[in-house]
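Asker: Provided herewith: data12.pdb, PDB, C-alpha atoms.
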```pdb
ATOM      1  CA  MET Z   1      69.903   7.208  37.095
ATOM      2  CA  LYS Z   2      71.435   4.656  39.489
ATOM      3  CA  ASN Z   3      68.365   4.758  41.740
ATOM      4  CA  ASP Z   4      66.098   4.200  38.707
ATOM      5  CA  LYS Z   5      68.110   1.108  37.723
ATOM      6  CA  MET Z   6      67.902  -0.210  41.281
ATOM      7  CA  LYS Z   7      64.131   0.319  41.370
ATOM      8  CA  LEU Z   8      63.745  -1.860  38.279
ATOM      9  CA  GLN Z   9      65.385  -4.762  40.131
ATOM     10  CA  TYR Z  10      62.469  -5.187  42.538
ATOM     11  CA  ARG Z  11      58.710  -5.550  42.178
ATOM     12  CA  VAL Z  12      56.667  -3.557  44.647
ATOM     13  CA  ASN Z  13      53.015  -3.693  45.784
ATOM     14  CA  GLU Z  14      50.671  -4.110  42.752
ATOM     15  CA  GLN Z  15      53.629  -5.096  40.545
ATOM     16  CA  ILE Z  16      53.655  -8.455  42.364
ATOM     17  CA  HIS Z  17      51.295 -10.768  40.421
ATOM     18  CA  VAL Z  18      51.890 -14.170  42.020
ATOM     19  CA  ARG Z  19      49.087 -15.842  43.980
ATOM     20  CA  GLU Z  20      50.915 -15.997  47.336
ATOM     21  CA  VAL Z  21      54.151 -14.760  48.914
ATOM     22  CA  ARG Z  22      56.332 -15.524  51.918
ATOM     23  CA  VAL Z  23      56.454 -12.400  54.076
ATOM     24  CA  VAL Z  24      59.566 -12.130  56.287
ATOM     25  CA  GLY Z  25      60.045  -9.716  59.149
ATOM     26  CA  ASP Z  26      61.590  -9.321  62.582
ATOM     27  CA  ASP Z  27      58.913 -11.582  64.062
ATOM     28  CA  GLY Z  28      59.506 -14.443  61.614
ATOM     29  CA  ALA Z  29      58.004 -15.471  58.274
ATOM     30  CA  GLU Z  30      54.583 -16.540  57.031
ATOM     31  CA  VAL Z  31      53.018 -17.484  53.707
ATOM     32  CA  LEU Z  32      50.077 -15.246  52.783
ATOM     33  CA  PRO Z  33      47.891 -14.670  49.748
ATOM     34  CA  THR Z  34      49.378 -11.690  47.900
ATOM     35  CA  LYS Z  35      46.166  -9.659  48.370
ATOM     36  CA  GLN Z  36      46.286 -10.225  52.132
ATOM     37  CA  ALA Z  37      49.977  -9.268  52.244
ATOM     38  CA  LEU Z  38      49.191  -6.027  50.363
ATOM     39  CA  ASP Z  39      46.368  -5.229  52.816
ATOM     40  CA  LYS Z  40      48.769  -5.793  55.728
ATOM     41  CA  ALA Z  41      51.348  -3.459  54.141
ATOM     42  CA  ARG Z  42      48.725  -0.709  53.734
ATOM     43  CA  GLN Z  43      47.642  -1.100  57.363
ATOM     44  CA  LEU Z  44      51.233  -0.664  58.519
ATOM     45  CA  GLY Z  45      51.865   2.250  56.139
ATOM     46  CA  VAL Z  46      54.729   0.466  54.346
ATOM     47  CA  ASP Z  47      55.338  -1.313  51.032
ATOM     48  CA  LEU Z  48      55.374  -4.956  50.026
ATOM     49  CA  VAL Z  49      58.794  -5.452  48.401
ATOM     50  CA  GLU Z  50      59.714  -8.652  46.559
ATOM     51  CA  ILE Z  51      63.313  -9.448  47.521
ATOM     52  CA  SER Z  52      63.647 -13.022  46.234
ATOM     53  CA  PRO Z  53      61.463 -13.590  43.145
ATOM     54  CA  ASN Z  54      62.837 -17.065  42.332
ATOM     55  CA  ALA Z  55      61.930 -18.611  45.683
ATOM     56  CA  GLN Z  56      58.811 -20.782  46.024
ATOM     57  CA  PRO Z  57      56.794 -18.818  46.939
ATOM     58  CA  PRO Z  58      58.585 -15.488  46.276
ATOM     59  CA  VAL Z  59      59.942 -13.803  49.408
ATOM     60  CA  CYS Z  60      58.773 -10.281  50.299
ATOM     61  CA  ARG Z  61      59.429  -7.744  53.021
ATOM     62  CA  LEU Z  62      57.141  -5.202  54.612
ATOM     63  CA  ILE Z  63      59.230  -2.043  54.546
ATOM     64  CA  ASP Z  64      59.240   1.531  53.295
ATOM     65  CA  TYR Z  65      60.538   1.191  49.737
ATOM     66  CA  SER Z  66      62.702   4.326  49.867
ATOM     67  CA  LYS Z  67      64.307   3.055  53.079
ATOM     68  CA  PHE Z  68      64.835  -0.345  51.459
ATOM     69  CA  LEU Z  69      66.626   1.187  48.445
ATOM     70  CA  TYR Z  70      68.815   3.261  50.778
ATOM     71  CA  GLN Z  71      69.813   0.143  52.730
ATOM     72  CA  GLN Z  72      70.684  -1.719  49.520
ATOM     73  CA  LYS Z  73      72.766   1.191  48.239
ATOM     74  CA  LYS Z  74      74.606   1.468  51.558
ATOM     75  CA  ARG Z  75      75.307  -2.281  51.633
ATOM     76  CA  LYS Z  76      76.741  -2.231  48.108
ATOM     77  CA  LYS Z  77      78.956   0.723  48.997
ATOM     78  CA  GLU Z  78      80.301  -1.077  52.073
ATOM     79  CA  MET Z  79      81.028  -4.227  50.069
ATOM     80  CA  LYS Z  80      82.821  -2.216  47.407
ATOM     81  CA  ALA Z  81      84.953  -0.506  50.070
ATOM     82  CA  LYS Z  82      85.964  -3.886  51.532
ATOM     83  CA  GLN Z  83      86.960  -5.147  48.107
ATOM     84  CA  ALA Z  84      89.057  -2.051  47.322
ATOM     85  CA  LYS Z  85      92.589  -2.949  46.279
ATOM     86  CA  VAL Z  86      95.271  -2.065  48.799
ATOM     87  CA  GLU Z  87      98.057  -0.059  47.173
ATOM     88  CA  VAL Z  88     101.738  -0.266  48.044
ATOM     89  CA  LYS Z  89     103.270   3.200  48.381
ATOM     90  CA  GLU Z  90     107.025   3.650  48.078
ATOM     91  CA  ILE Z  91     109.231   5.877  50.212
ATOM     92  CA  ARG Z  92     112.836   6.280  49.052
ATOM     93  CA  PHE Z  93     115.776   7.331  51.215
ATOM     94  CA  GLY Z  94     119.449   7.873  50.686
ATOM     95  CA  PRO Z  95     121.890   6.414  53.243
ATOM     96  CA  GLN Z  96     122.593   9.940  54.549
ATOM     97  CA  THR Z  97     119.113  11.497  54.444
ATOM     98  CA  ASP Z  98     118.976  14.783  56.388
ATOM     99  CA  GLU Z  99     116.444  15.402  59.184
ATOM    100  CA  HIS Z 100     114.157  17.719  57.183
ATOM    101  CA  ASP Z 101     113.828  15.237  54.316
ATOM    102  CA  TYR Z 102     113.294  12.394  56.811
ATOM    103  CA  GLN Z 103     110.413  14.188  58.566
ATOM    104  CA  PHE Z 104     108.845  15.084  55.204
ATOM    105  CA  LYS Z 105     108.828  11.452  54.078
ATOM    106  CA  LEU Z 106     107.722  10.224  57.499
ATOM    107  CA  LYS Z 107     104.651  12.460  57.259
ATOM    108  CA  HIS Z 108     103.763  11.032  53.842
ATOM    109  CA  ALA Z 109     104.134   7.483  55.158
ATOM    110  CA  GLN Z 110     101.745   8.295  58.027
ATOM    111  CA  GLU Z 111      99.158   9.489  55.508
ATOM    112  CA  PHE Z 112      99.564   6.366  53.359
ATOM    113  CA  LEU Z 113      99.057   4.064  56.346
ATOM    114  CA  GLU Z 114      96.059   6.060  57.602
ATOM    115  CA  GLU Z 115      94.449   5.664  54.179
ATOM    116  CA  GLY Z 116      94.818   1.889  54.446
ATOM    117  CA  ASN Z 117      97.769   1.506  52.072
ATOM    118  CA  LYS Z 118     100.942  -0.477  52.634
ATOM    119  CA  VAL Z 119     104.339   1.224  52.678
ATOM    120  CA  ARG Z 120     107.553  -0.059  51.134
ATOM    121  CA  ALA Z 121     110.432   2.077  52.317
ATOM    122  CA  TYR Z 122     113.914   1.540  50.965
ATOM    123  CA  VAL Z 123     117.391   2.990  51.074
ATOM    124  CA  PHE Z 124     119.174   3.137  47.714
ATOM    125  CA  PHE Z 125     122.941   2.733  47.843
ATOM    126  CA  ARG Z 126     124.618   4.360  44.868
ATOM    127  CA  GLY Z 127     128.194   3.341  44.056
ATOM    128  CA  ARG Z 128     130.479   3.271  47.086
ATOM    129  CA  SER Z 129     127.642   4.318  49.414
ATOM    130  CA  ILE Z 130     126.990   0.575  49.877
ATOM    131  CA  LEU Z 131     129.692   0.870  52.553
ATOM    132  CA  PHE Z 132     127.078   2.698  54.662
ATOM    133  CA  LYS Z 133     124.539  -0.150  54.588
ATOM    134  CA  GLU Z 134     124.481  -0.335  58.404
ATOM    135  CA  GLN Z 135     123.604   3.361  58.503
ATOM    136  CA  GLY Z 136     120.748   2.660  56.082
ATOM    137  CA  GLU Z 137     119.487  -0.151  58.319
ATOM    138  CA  VAL Z 138     119.437   2.150  61.341
ATOM    139  CA  LEU Z 139     117.500   4.731  59.312
ATOM    140  CA  LEU Z 140     114.814   2.184  58.363
ATOM    141  CA  LEU Z 141     114.586   0.898  61.943
ATOM    142  CA  ARG Z 142     114.022   4.446  63.159
ATOM    143  CA  PHE Z 143     111.400   4.902  60.433
ATOM    144  CA  ALA Z 144     109.533   1.769  61.585
ATOM    145  CA  ASN Z 145     109.743   2.828  65.217
ATOM    146  CA  ASP Z 146     108.353   6.306  64.459
ATOM    147  CA  LEU Z 147     105.409   4.725  62.619
ATOM    148  CA  GLU Z 148     104.501   2.067  65.190
ATOM    149  CA  GLU Z 149     101.299   3.967  66.078
ATOM    150  CA  TYR Z 150     100.110   3.805  62.470
ATOM    151  CA  GLY Z 151     101.379   0.495  61.092
ATOM    152  CA  LYS Z 152     103.033  -2.820  61.781
ATOM    153  CA  VAL Z 153     106.225  -4.199  60.272
ATOM    154  CA  GLU Z 154     105.724  -6.994  57.734
ATOM    155  CA  GLN Z 155     109.414  -7.344  56.859
ATOM    156  CA  MET Z 156     112.397  -5.967  58.731
ATOM    157  CA  PRO Z 157     115.180  -4.196  56.759
ATOM    158  CA  LYS Z 158     116.607  -6.566  54.153
ATOM    159  CA  LEU Z 159     119.305  -5.838  51.570
ATOM    160  CA  GLU Z 160     118.411  -6.793  47.992
ATOM    161  CA  GLY Z 161     121.102  -5.760  45.542
ATOM    162  CA  LYS Z 162     121.701  -2.026  45.974
ATOM    163  CA  LYS Z 163     118.469  -1.470  47.906
ATOM    164  CA  MET Z 164     117.507  -2.214  51.498
ATOM    165  CA  PHE Z 165     113.741  -2.696  51.922
ATOM    166  CA  LEU Z 166     111.358  -2.353  54.852
ATOM    167  CA  TYR Z 167     107.668  -3.316  54.483
ATOM    168  CA  MET Z 168     104.858  -1.962  56.687
ATOM    169  CA  ALA Z 169     101.103  -2.577  56.695
ATOM    170  CA  PRO Z 170      98.408  -0.337  58.227
ATOM    171  CA  LYS Z 171      96.950  -1.211  61.600
ATOM    172  CA  LYS Z 172      93.350  -2.381  61.232
ATOM    173  CA  SER Z 173      92.068  -0.357  64.149
ATOM    174  CA  GLY Z 174      93.040   2.171  66.791
ATOM    175  CA  VAL Z 175      94.452   4.796  64.409
ATOM    176  CA  VAL Z 176      92.767   8.163  64.718
ATOM    177  CA  LYS Z 177      92.869  10.494  61.718
ATOM    178  CA  GLN Z 178      94.877  13.568  62.626
ATOM    179  CA  SER Z 179      94.715  17.016  61.157
ATOM    180  CA  GLN Z 180      97.643  18.324  59.107
ATOM    181  CA  GLN Z 181      98.385  20.885  61.817
ATOM    182  CA  LYS Z 182      98.556  18.206  64.494
ATOM    183  CA  ARG Z 183     100.819  15.999  62.385
ATOM    184  CA  ASP Z 184     103.188  18.941  61.821
ATOM    185  CA  ARG Z 185     103.244  19.659  65.548
ATOM    186  CA  LEU Z 186     103.946  16.014  66.407
ATOM    187  CA  ALA Z 187     106.725  15.875  63.813
ATOM    188  CA  ALA Z 188     108.329  18.983  65.320
ATOM    189  CA  GLU Z 189     108.043  17.495  68.808
ATOM    190  CA  ALA Z 190     109.610  14.239  67.592
ATOM    191  CA  ALA Z 191     112.529  16.119  66.063
ATOM    192  CA  ALA Z 192     113.042  18.100  69.292
ATOM    193  CA  LYS Z 193     112.851  14.904  71.349
ATOM    194  CA  GLU Z 194     115.417  13.227  69.098
ATOM    195  CA  LYS Z 195     117.760  16.202  69.513
ATOM    196  CA  THR Z 196     117.354  16.082  73.303
ATOM    197  CA  LYS Z 197     118.055  12.343  73.302
ATOM    198  CA  THR Z 198     121.240  12.854  71.269
ATOM    199  CA  GLU Z 199     122.480  15.551  73.663
ATOM    200  CA  LYS Z 200     121.700  13.363  76.665
ATOM    201  CA  LEU Z 201     123.582  10.423  75.174
ATOM    202  CA  ALA Z 202     126.574  12.676  74.566
ATOM    203  CA  ASN Z 203     126.528  13.745  78.223
ATOM    204  CA  ASP Z 204     126.251  10.171  79.437
ATOM    205  CA  THR Z 205     129.307   8.811  77.632
ATOM    206  CA  ASN Z 206     131.019   8.170  80.986
ATOM    207  CA  LYS Z 207     128.330   5.697  82.028
ATOM    208  CA  SER Z 208     129.084   2.010  81.626
ATOM    209  CA  ASP Z 209     127.283  -0.211  79.128
ATOM    210  CA  ASP Z 210     125.767  -2.164  82.000
ATOM    211  CA  GLU Z 211     124.181   0.980  83.462
ATOM    212  CA  ALA Z 212     122.814   2.004  80.071
ATOM    213  CA  GLU Z 213     121.110  -1.347  79.616
ATOM    214  CA  THR Z 214     119.337  -1.190  82.985
ATOM    215  CA  THR Z 215     116.905   1.380  81.580
ATOM    216  CA  PRO Z 216     114.239  -0.688  79.785
ATOM    217  CA  ARG Z 217     112.124   0.560  76.907
ATOM    218  CA  SER Z 218     108.505  -0.448  77.389
ATOM    219  CA  GLY Z 219     105.700  -0.590  74.869
ATOM    220  CA  GLY Z 220     108.034  -0.105  71.901
ATOM    221  CA  LEU Z 221     108.048  -1.842  68.540
ATOM    222  CA  PHE Z 222     111.023  -4.100  69.314
ATOM    223  CA  ASP Z 223     110.177  -5.317  72.871
ATOM    224  CA  ASN Z 224     109.083  -8.795  71.801
ATOM    225  CA  MET Z 225     111.250  -9.036  68.684
ATOM    226  CA  LYS Z 226     114.119 -11.461  68.403
ATOM    227  CA  ASN Z 227     117.431  -9.625  68.968
ATOM    228  CA  GLY Z 228     115.379  -6.552  69.888
ATOM    229  CA  SER Z 229     117.983  -5.226  72.293
ATOM    230  CA  GLU Z 230     120.636  -5.203  69.552
ATOM    231  CA  VAL Z 231     118.270  -3.306  67.266
ATOM    232  CA  LEU Z 232     117.611  -0.682  69.945
ATOM    233  CA  LYS Z 233     121.342  -0.230  70.441
ATOM    234  CA  LYS Z 234     121.681   0.625  66.762
ATOM    235  CA  LEU Z 235     118.898   3.199  67.037
ATOM    236  CA  LYS Z 236     120.673   4.870  69.948
ATOM    237  CA  GLN Z 237     124.031   5.082  68.163
TER     238      GLN Z 237
END
```
Could you render the structure as structure tokens?

Answerer:
Amino acid sequence: MKNDKMKLQYRVNEQIHVREVRVVGDDGAEVLPTKQALDKARQLGVDLVEISPNAQPPVCRLIDYSKFLYQQKKRKKEMKAKQAKVEVKEIRFGPQTDEHDYQFKLKHAQEFLEEGNKVRAYVFFRGRSILFKEQGEVLLLRFANDLEEYGKVEQMPKLEGKKMFLYMAPKKSGVVKQSQQKRDRLAAEAAAKEKTKTEKLANDTNKSDDEAETTPRSGGLFDNMKNGSEVLKKLKQ
């Protein structure tokens, strides 16, 4: 049905009744009598397709009509995809979210960003839990750091009433779609790495603060951020 409607939008071959047309192609454009343009189309084994009927004279192309319709359909689909509305997906945490729940929500956020959606993550402080707002900030900073491969931070953690928000947008390029199995494996590896880091920090408690700060973190989310070193300290606590 859609193809039939599209066909009605264009005049082809003998449906073109004007005296002359402007034929455009890769080698330029020329004005020809319509009969001569039709003869040329037959010689080339293609169709004469009127693409701009209101021009003086009307503009036509020498092209296979089925191929022409396919190109028009593909172009419309691409334009529609570009105009698609970006959704904002929410991820909610508590100030003391456990590791299993964290990894579950992290995986969903990865999927949202891969699909081109924005993510608004927030920590909700109920009652006296507002006393743990610094713990909520560290949680959101870790969340942003774990998603740096998939998205970029639009707004760092900010407290608004009883909620602390973090906004992330998808990266425009460089993100490769991963299978569910691979995402699960990477999540498990991240959890194991985090556990190893915690154990190592516990064993290094005798080291001075100066020695700890001599080990730089390269390529991370907070390298070029203002007060980035203070943020990283919070993540390591």

Asker: I'd like the interatomic distance between atom CA of Gln103 of chain Z and atom CA of Arg142 of chain Z, to a tenth of an Å.

Answerer: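 Value for the atom CA of Gln103 of chain Z-atom CA of Arg142 of chain Z distance: 11.4 Å.
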
Asker: Assuming the chain letters and numbering stay as they are in my file, what does the PyMOL selection byres ((chain Z and resi 63) around 10) actually select? List them as number ranges by chain.

Answerer: Z: 25, 41, 44-49, 60-62, 64-68

Asker: Quick check on the file I pasted: which residues fall under the PyMOL selection byres ((chain Z and resi 149-162) around 7)? Write them as a ChimeraX atom specification.

Answerer: /Z:110,113-114,124-125,137,140,144,147-148,163-171,175

Asker: Can you translate the PyMOL selection byres ((chain Z and resi 55) around 12) into the concrete residues it hits in this file, as an MDAnalysis selection string?

Answerer: chainID Z and resid 18 20:23 50:54 56:60

Asker: Interatomic distance between atom CA of Gly116 of chain Z and atom CA of Val86 of chain Z?

Answerer: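 Separating atom CA of Gly116 of chain Z from atom CA of Val86 of chain Z is a distance of 6.9 Å.
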
Asker: In Å, with one decimal, what is the gap from atom CA of Phe104 of chain Z to atom CA of Ala81 of chain Z?

Answerer: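 Calculated distance between atom CA of Phe104 of chain Z and atom CA of Ala81 of chain Z is 29.0 Å.
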
Asker: Can you pull out every residue within 9 Å of Phe143 of chain Z, counting only C-alpha atoms, but drop anything in the same chain fewer than 5 positions away, and send it as a PyMOL selection string?

Answerer: chain Z and resi 102+106+121+138+148

Asker: Using all atoms listed in the file, pick whichever of Z:Glu111, Z:Leu139, Z:Ile130, Z:Val119 has the shortest atom-to-atom distance to Asp98 of chain Z.

Answerer: Z:Leu139

Asker: Measuring atom to atom with only C-alpha atoms, identify which of Z:Arg120, Z:Lys35, Z:Arg126, Z:Lys133 is nearest to Gln15 of chain Z.

Answerer: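 Looking at the shortest contact to Gln15 of chain Z, the residue is Z:Lys35.
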